[in-house]
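Q: I am sharing final.cif, which consists of mmCIF, C-alpha atoms:
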data_target
loop_
_atom_site.label_atom_id
_atom_site.label_comp_id
_atom_site.auth_asym_id
_atom_site.auth_seq_id
_atom_site.Cartn_x
_atom_site.Cartn_y
_atom_site.Cartn_z
CA MET A 1 0.00 0.00 0.00
CA THR A 2 1.29 3.36 -0.97
CA VAL A 3 0.67 6.26 1.29
CA THR A 4 0.90 9.75 -0.07
CA THR A 5 1.65 12.60 2.15
CA PRO A 6 -0.39 15.68 1.44
CA GLN A 7 1.74 18.46 0.16
CA PRO A 8 1.22 21.97 1.43
CA ARG A 9 -0.80 24.08 -0.93
CA ILE A 10 1.14 26.78 -2.60
CA ALA A 11 -0.87 29.80 -3.53
CA ILE A 12 0.14 31.08 -6.91
CA PRO A 13 -0.69 34.74 -7.01
CA ALA A 14 -2.67 35.96 -9.98
CA PRO A 15 -0.63 38.16 -12.23
CA ALA A 16 -0.95 41.73 -11.23
CA PRO A 17 -2.78 43.77 -13.81
CA THR A 18 -0.33 45.82 -15.70
CA ALA A 19 -0.85 49.47 -16.44
CA ARG A 20 0.02 48.97 -20.10
CA PRO A 21 -3.34 47.50 -21.30
CA ARG A 22 -5.28 50.02 -19.26
CA ALA A 23 -3.14 52.85 -20.55
CA LYS A 24 -3.62 51.62 -24.12
CA SER A 25 -7.37 51.33 -23.63
CA THR A 26 -7.46 54.74 -22.00
CA THR A 27 -5.41 56.18 -24.84
CA GLU A 28 -7.71 54.57 -27.42
CA ASP A 29 -10.75 55.95 -25.63
CA ALA A 30 -9.12 59.37 -25.42
CA ASP A 31 -8.31 59.29 -29.15
CA TRP A 32 -11.93 58.41 -29.99
CA LEU A 33 -13.20 61.11 -27.64
CA ALA A 34 -10.83 63.66 -29.18
CA LEU A 35 -12.10 62.76 -32.65
CA THR A 36 -15.75 63.03 -31.65
CA GLU A 37 -15.06 66.25 -29.75
CA ALA A 38 -13.50 67.72 -32.90
CA VAL A 39 -16.65 66.67 -34.80
CA ARG A 40 -18.80 68.24 -32.07
CA GLU A 41 -16.96 71.53 -32.47
CA ALA A 42 -16.93 71.44 -36.27
CA GLY A 43 -20.62 70.54 -36.49
CA GLN A 44 -21.63 72.69 -33.51
CA TYR A 45 -23.48 69.75 -31.95
CA PRO A 46 -24.87 70.45 -28.49
CA THR A 47 -23.59 67.20 -26.94
CA GLY A 48 -20.75 64.78 -27.34
CA ALA A 49 -23.27 61.94 -27.62
CA GLU A 50 -24.86 63.53 -30.68
CA ALA A 51 -21.45 64.09 -32.27
CA GLU A 52 -20.51 60.47 -31.56
CA ARG A 53 -23.76 59.19 -33.11
CA VAL A 54 -23.26 61.27 -36.26
CA THR A 55 -19.60 60.24 -36.47
CA ARG A 56 -20.50 56.55 -36.32
CA ILE A 57 -23.19 56.92 -38.98
CA VAL A 58 -20.98 58.84 -41.41
CA LEU A 59 -17.97 56.56 -40.89
CA SER A 60 -20.09 53.47 -41.40
CA ALA A 61 -21.45 54.93 -44.64
CA LEU A 62 -17.93 55.81 -45.80
CA GLY A 63 -16.58 52.38 -44.82
CA GLY A 64 -18.53 50.69 -47.58
CA HIS A 65 -17.14 53.00 -50.25
CA VAL A 66 -13.44 52.92 -49.48
CA THR A 67 -11.78 49.63 -50.40
CA GLY A 68 -8.43 47.94 -50.68
CA GLU A 69 -5.24 49.46 -49.34
CA GLU A 70 -6.89 52.82 -48.76
CA ARG A 71 -9.49 51.24 -46.50
CA VAL A 72 -6.79 49.50 -44.47
CA ALA A 73 -4.69 52.67 -44.26
CA LEU A 74 -7.73 54.72 -43.27
CA ALA A 75 -8.73 52.28 -40.53
CA GLN A 76 -5.15 52.27 -39.20
CA ALA A 77 -4.85 56.08 -39.26
CA LEU A 78 -7.97 56.56 -37.14
CA PRO A 79 -8.58 55.87 -33.47
CA ARG A 80 -9.27 52.16 -32.96
CA GLU A 81 -13.04 52.57 -32.53
CA ALA A 82 -13.33 54.65 -35.70
CA GLY A 83 -11.16 52.15 -37.56
CA ARG A 84 -13.49 49.34 -36.45
CA VAL A 85 -16.51 51.24 -37.75
CA ILE A 86 -14.80 51.73 -41.14
CA ALA A 87 -13.45 48.18 -41.42
CA SER A 88 -16.64 46.42 -40.36
CA GLN A 89 -18.63 47.60 -43.37
CA ILE A 90 -19.39 45.40 -46.36
CA PRO A 91 -18.05 47.00 -49.55
CA ALA A 92 -20.74 48.72 -51.61
CA THR A 93 -21.75 47.03 -54.84
CA HIS A 94 -21.70 50.30 -56.76
CA PRO A 95 -20.16 53.65 -55.85
CA LEU A 96 -22.51 56.43 -54.84
CA THR A 97 -22.14 59.96 -56.13
CA ALA A 98 -21.48 62.52 -53.41
CA ARG A 99 -25.14 63.57 -53.57
CA GLU A 100 -26.35 59.96 -53.26
CA PHE A 101 -23.92 59.42 -50.38
CA VAL A 102 -25.35 62.40 -48.49
CA GLU A 103 -28.89 61.21 -49.21
CA SER A 104 -28.02 57.73 -47.92
CA VAL A 105 -26.72 59.28 -44.69
CA ALA A 106 -29.93 61.33 -44.42
CA THR A 107 -31.94 58.09 -44.35
CA ARG A 108 -29.86 56.83 -41.40
CA ILE A 109 -30.31 59.93 -39.22
CA GLU A 110 -33.77 60.37 -37.76
CA GLY A 111 -35.37 63.66 -38.79
CA SER A 112 -32.56 64.47 -41.20
CA THR A 113 -32.93 66.28 -44.50
CA PRO A 114 -30.41 66.32 -47.35
CA ALA A 115 -29.26 69.75 -46.14
CA THR A 116 -28.72 68.67 -42.54
CA ALA A 117 -27.13 65.41 -43.69
CA ARG A 118 -24.69 67.37 -45.84
CA TRP A 119 -23.76 69.38 -42.74
CA ASP A 120 -23.29 66.16 -40.76
CA VAL A 121 -21.23 64.48 -43.48
CA SER A 122 -19.05 67.56 -43.99
CA SER A 123 -18.53 67.98 -40.25
CA VAL A 124 -17.26 64.41 -39.89
CA LEU A 125 -15.29 64.13 -43.14
CA SER A 126 -13.51 67.48 -42.75
CA VAL A 127 -12.36 66.43 -39.26
CA LEU A 128 -11.39 63.05 -40.70
CA ALA A 129 -9.30 64.75 -43.41
CA ASP A 130 -7.50 66.87 -40.80
CA HIS A 131 -6.85 63.77 -38.71
CA ILE A 132 -5.49 61.51 -41.46
CA GLY A 133 -3.56 64.18 -43.38
CA ASP A 134 -3.40 65.25 -47.01
CA PRO A 135 -1.66 62.23 -48.59
CA LEU A 136 -4.19 59.69 -47.32
CA THR A 137 -7.13 62.04 -47.90
CA THR A 138 -6.00 62.36 -51.53
CA ARG A 139 -5.77 58.57 -51.88
CA VAL A 140 -9.27 58.14 -50.43
CA LEU A 141 -10.68 60.86 -52.70
CA ASP A 142 -9.03 59.27 -55.73
CA GLN A 143 -11.09 56.15 -55.01
CA LEU A 144 -14.39 57.99 -54.70
CA PRO A 145 -16.48 59.49 -57.51
CA THR A 146 -16.11 63.18 -58.33
CA GLY A 147 -17.84 65.49 -55.89
CA TYR A 148 -16.60 64.15 -52.56
CA ALA A 149 -13.76 66.66 -52.13
CA LEU A 150 -16.07 69.39 -50.84
CA LEU A 151 -17.43 66.98 -48.25
CA PHE A 152 -13.85 66.53 -47.01
CA GLY A 153 -13.38 70.30 -46.82
CA ARG A 154 -11.33 70.54 -49.99
CA ALA A 155 -11.89 72.47 -53.16
CA GLU A 156 -12.40 70.22 -56.14
CA LEU A 157 -10.66 71.71 -59.11
CA ALA A 158 -11.82 70.73 -62.56
CA THR A 159 -9.19 70.10 -65.17
CA THR A 160 -9.46 72.04 -68.41
CA ALA A 161 -9.13 70.38 -71.76
#
As structure tokens, what does this structure read like?
A:
Amino acid sequence: MTVTTPQPRIAIPAPAPTARPRAKSTTEDADWLALTEAVREAGQYPTGAEAERVTRIVLSALGGHVTGEERVALAQALPREAGRVIASQIPATHPLTAREFVESVATRIEGSTPATARWDVSSVLSVLADHIGDPLTTRVLDQLPTGYALLFGRAELATTA
């Protein structure tokens, strides 16, 4: 007969939470809040919640129209939450004109008209352009039909023949 002697239990302490993940999460949240605050100021929205709602709607609409490398670069250039909104969209089957894009956003915002939707879209996309910089904004605009530049706060110059 074999007798086993009970061994003393050794308590293995749980790993202490490190500050790094929290700091990263806090930084990501702060980046998202800074983006939505910039939209709030640009669009003169009364609350941060309204600016966040409009930002999500416009980014989700844009996410379906930007594809390939530009979509990846755009998602990476934005705060993580904004990048998720862009990247989670199914690519559109056909590109919308700028006017159709604004009208599609109007259908997503309760009580919106094409005029107020244009304000919302321009408020978000002009902040987006400032955030991602000129080179990436140009790449994104090159992918979209003519007419989007004004929505991004840029003049759209026509070439002469």
Q: Pick the closest to Thr116 in chain A from A:Ala82, A:Ala38, A:Val54, A:Leu136: which is it, counting only C-alpha atoms?
A: A:Val54
Q: Here's the selection I'm unsure about, the PyMOL selection byres ((chain A and resi 86) around 7); applied to the file above, which residues does it give, as a PyMOL selection string?
A: chain A and resi 59-60+62-63+75+82-85+87-89
Q: Write out as a PyMOL selection string which residues come within 10 Å of range 108-115 of chain A when counting all atoms listed in the file, dropping same-chain ones fewer than 6 positions away.
A: chain A and resi 53-54+57-58+61+99-102+121
Q: Enumerate, as a ChimeraX atom specification, the protein, DNA and RNA residues whose atoms approach (-11.7, 66.8, -35.7) to within 12 Å, taking into account all atoms listed in the file and the coordinate frame of the file.
A: /A:31-44,51-52,55,78-79,122-133,152-153
Q: Between CA of Ala117 in chain A and CA of Ile90 in chain A, measure the distance and give it in Å to one decimal.
A: 21.6 Å
Q: Rank A:Gly147, A:Asp134, A:Asp29, A:Asp142 by their smallest atom-to-atom distance to Arg80 in chain A, using only C-alpha atoms, and report the top residue only.
A: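 Of A:Gly147, A:Asp134, A:Asp29, A:Asp142, the one nearest Arg80 in chain A is A:Asp29, counting only C-alpha atoms.
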Q: Would you list the contacts of Pro91 in chain A as a ChimeraX atom specification, taking every protein, DNA or RNA residue within 8 Å and counting only C-alpha atoms, but skipping same-chain residues closer than 2 positions in sequence?
A: /A:63-67,89,93
Q: Could you work out how far CA of Leu150 in chain A lies from CA of Ala106 in chain A, giving the answer in Å with one decimal?
A: 17.3 Å
Q: Starting from the structure just given, write a file holding range 51-63 of chain A with all heavy atoms, as a compact mmCIF listing (two decimals), in the first residue's frame.
A:
# COMPACT_ATOMS: atom_id res chain seq x y z
N ALA A 51 -22.60 64.10 -31.36
CA ALA A 51 -21.45 64.09 -32.27
C ALA A 51 -20.95 62.66 -32.48
O ALA A 51 -20.61 62.28 -33.61
CB ALA A 51 -20.33 64.97 -31.71
N GLU A 52 -20.95 61.86 -31.43
CA GLU A 52 -20.51 60.47 -31.56
C GLU A 52 -21.46 59.68 -32.46
O GLU A 52 -21.04 58.91 -33.31
CB GLU A 52 -20.42 59.81 -30.19
CG GLU A 52 -19.95 58.37 -30.29
CD GLU A 52 -19.76 57.70 -28.93
OE1 GLU A 52 -19.79 58.39 -27.89
OE2 GLU A 52 -19.59 56.47 -28.93
N ARG A 53 -22.76 59.89 -32.30
CA ARG A 53 -23.76 59.19 -33.11
C ARG A 53 -23.59 59.54 -34.59
O ARG A 53 -23.54 58.66 -35.45
CB ARG A 53 -25.16 59.57 -32.63
CG ARG A 53 -26.28 58.88 -33.37
CD ARG A 53 -27.64 59.27 -32.79
NE ARG A 53 -27.91 60.69 -32.88
CZ ARG A 53 -28.42 61.28 -33.96
NH1 ARG A 53 -28.73 60.58 -35.01
NH2 ARG A 53 -28.64 62.58 -33.96
N VAL A 54 -23.44 60.82 -34.88
CA VAL A 54 -23.26 61.27 -36.26
C VAL A 54 -21.94 60.73 -36.82
O VAL A 54 -21.89 60.28 -37.97
CB VAL A 54 -23.33 62.81 -36.35
CG1 VAL A 54 -22.86 63.32 -37.70
CG2 VAL A 54 -24.75 63.29 -36.05
N THR A 55 -20.90 60.75 -36.03
CA THR A 55 -19.60 60.24 -36.47
C THR A 55 -19.70 58.77 -36.85
O THR A 55 -19.21 58.36 -37.91
CB THR A 55 -18.53 60.44 -35.37
OG1 THR A 55 -18.44 61.84 -35.07
CG2 THR A 55 -17.18 59.92 -35.81
N ARG A 56 -20.34 57.98 -36.02
CA ARG A 56 -20.50 56.55 -36.32
C ARG A 56 -21.29 56.33 -37.61
O ARG A 56 -20.94 55.49 -38.43
CB ARG A 56 -21.21 55.83 -35.17
CG ARG A 56 -20.34 55.60 -33.97
CD ARG A 56 -21.08 54.82 -32.88
NE ARG A 56 -20.29 54.74 -31.69
CZ ARG A 56 -19.29 53.87 -31.51
NH1 ARG A 56 -18.98 53.03 -32.46
NH2 ARG A 56 -18.60 53.86 -30.40
N ILE A 57 -22.36 57.08 -37.79
CA ILE A 57 -23.19 56.92 -38.98
C ILE A 57 -22.42 57.27 -40.24
O ILE A 57 -22.43 56.53 -41.22
CB ILE A 57 -24.49 57.75 -38.85
CG1 ILE A 57 -25.38 57.15 -37.77
CG2 ILE A 57 -25.22 57.86 -40.18
CD1 ILE A 57 -26.55 58.03 -37.34
N VAL A 58 -21.72 58.40 -40.22
CA VAL A 58 -20.98 58.84 -41.41
C VAL A 58 -19.82 57.89 -41.70
O VAL A 58 -19.59 57.51 -42.85
CB VAL A 58 -20.50 60.30 -41.26
CG1 VAL A 58 -19.59 60.69 -42.41
CG2 VAL A 58 -21.71 61.24 -41.19
N LEU A 59 -19.08 57.48 -40.67
CA LEU A 59 -17.97 56.56 -40.89
C LEU A 59 -18.45 55.21 -41.40
O LEU A 59 -17.80 54.60 -42.26
CB LEU A 59 -17.15 56.38 -39.61
CG LEU A 59 -16.35 57.58 -39.15
CD1 LEU A 59 -15.59 57.25 -37.86
CD2 LEU A 59 -15.38 58.07 -40.21
N SER A 60 -19.59 54.74 -40.91
CA SER A 60 -20.09 53.47 -41.40
C SER A 60 -20.52 53.59 -42.86
O SER A 60 -20.29 52.67 -43.65
CB SER A 60 -21.23 52.94 -40.53
OG SER A 60 -22.38 53.73 -40.66
N ALA A 61 -21.09 54.71 -43.23
CA ALA A 61 -21.45 54.93 -44.64
C ALA A 61 -20.20 54.99 -45.51
O ALA A 61 -20.13 54.39 -46.58
CB ALA A 61 -22.28 56.20 -44.79
N LEU A 62 -19.17 55.69 -45.04
CA LEU A 62 -17.93 55.81 -45.80
C LEU A 62 -17.21 54.47 -45.90
O LEU A 62 -16.64 54.15 -46.95
CB LEU A 62 -17.00 56.84 -45.14
CG LEU A 62 -15.67 57.08 -45.82
CD1 LEU A 62 -15.88 57.70 -47.21
CD2 LEU A 62 -14.78 57.98 -44.97
N GLY A 63 -17.29 53.67 -44.85
CA GLY A 63 -16.58 52.38 -44.82
C GLY A 63 -16.94 51.45 -45.96
O GLY A 63 -16.10 50.68 -46.41
